[in-house]
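Everything below concerns the one structure shown next.
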Amino acid sequence: MKSTGRLWLLAVCLLCGLVCMQAQEQEKKQLPREVPSPEKAARKMTDRMKEELQLTDKQYDKLYKLNLKEQQEHFATMAERGSGQRPSMGGRPGMGGGRPPMRVPGERPAMGKDNVEKMQKAAAKKEKKIKKILTTEQYAKWQEMRQPQEPPRPQDHPHKPNL
């Protein structure tokens, strides 16, 4: 009787071991998340433009440099903004710690007027440079690409009255 109990215990232990090994193998199969970089972002943007607009090599190089510069500035801004904005959790109230302020879902944090103006000026400057690099046909197509596609609005259901 003792030997059957030991066999059952051994079988359960082996089964648990197999389940653990299977779980570890699945963890290994998942690739680590790729760390974003300005170079990768600029390359991706420029590759998409090359595919959509049939860019020449010279146009591609100029647009890559422009996109890279913009992405480097963007990443620097994000790093600067991220380092000073997160409040430390914990600590005593009034000591700079505690709970972060409440935020309404879907609402973006307010940006200063000077930041908005800076962004608009930078966008206009980039627009001028892109217009110089692309042909008129490519530029028109690029502007169409940039327009956000509005999702179709749900129409009123014909069988349900509007309230």
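By convention in this document, the chains of the structure tokens carry letters A, B, ... by their order, each chain's residues are numbered from 1, and ligands are numbered from 1 in the order they are shown.
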Spatial neighbours of segment 119-123 of chain A, max dist 12 Å, only C-alpha atoms, sep filter under 2 positions, as a PyMOL selection string: chain A and resi 66-67+69-70+73-74+77+111-117+125-130
Which of these residues is nearest to Gln71 of chain A, using only C-alpha atoms: A:Arg48, A:Lys2, A:Lys131, A:Lys40? A:Lys40
Separating atom CA of Asp61 of chain A from atom CA of Val35 of chain A, to the nearest tenth of an Å, is a gap of 23.8 Å
d(atom CA of Tyr64 of chain A, atom CA of Thr46 of chain A) in Å: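 According to the coordinates, atom CA of Tyr64 of chain A and atom CA of Thr46 of chain A are separated by 5.6 Å.
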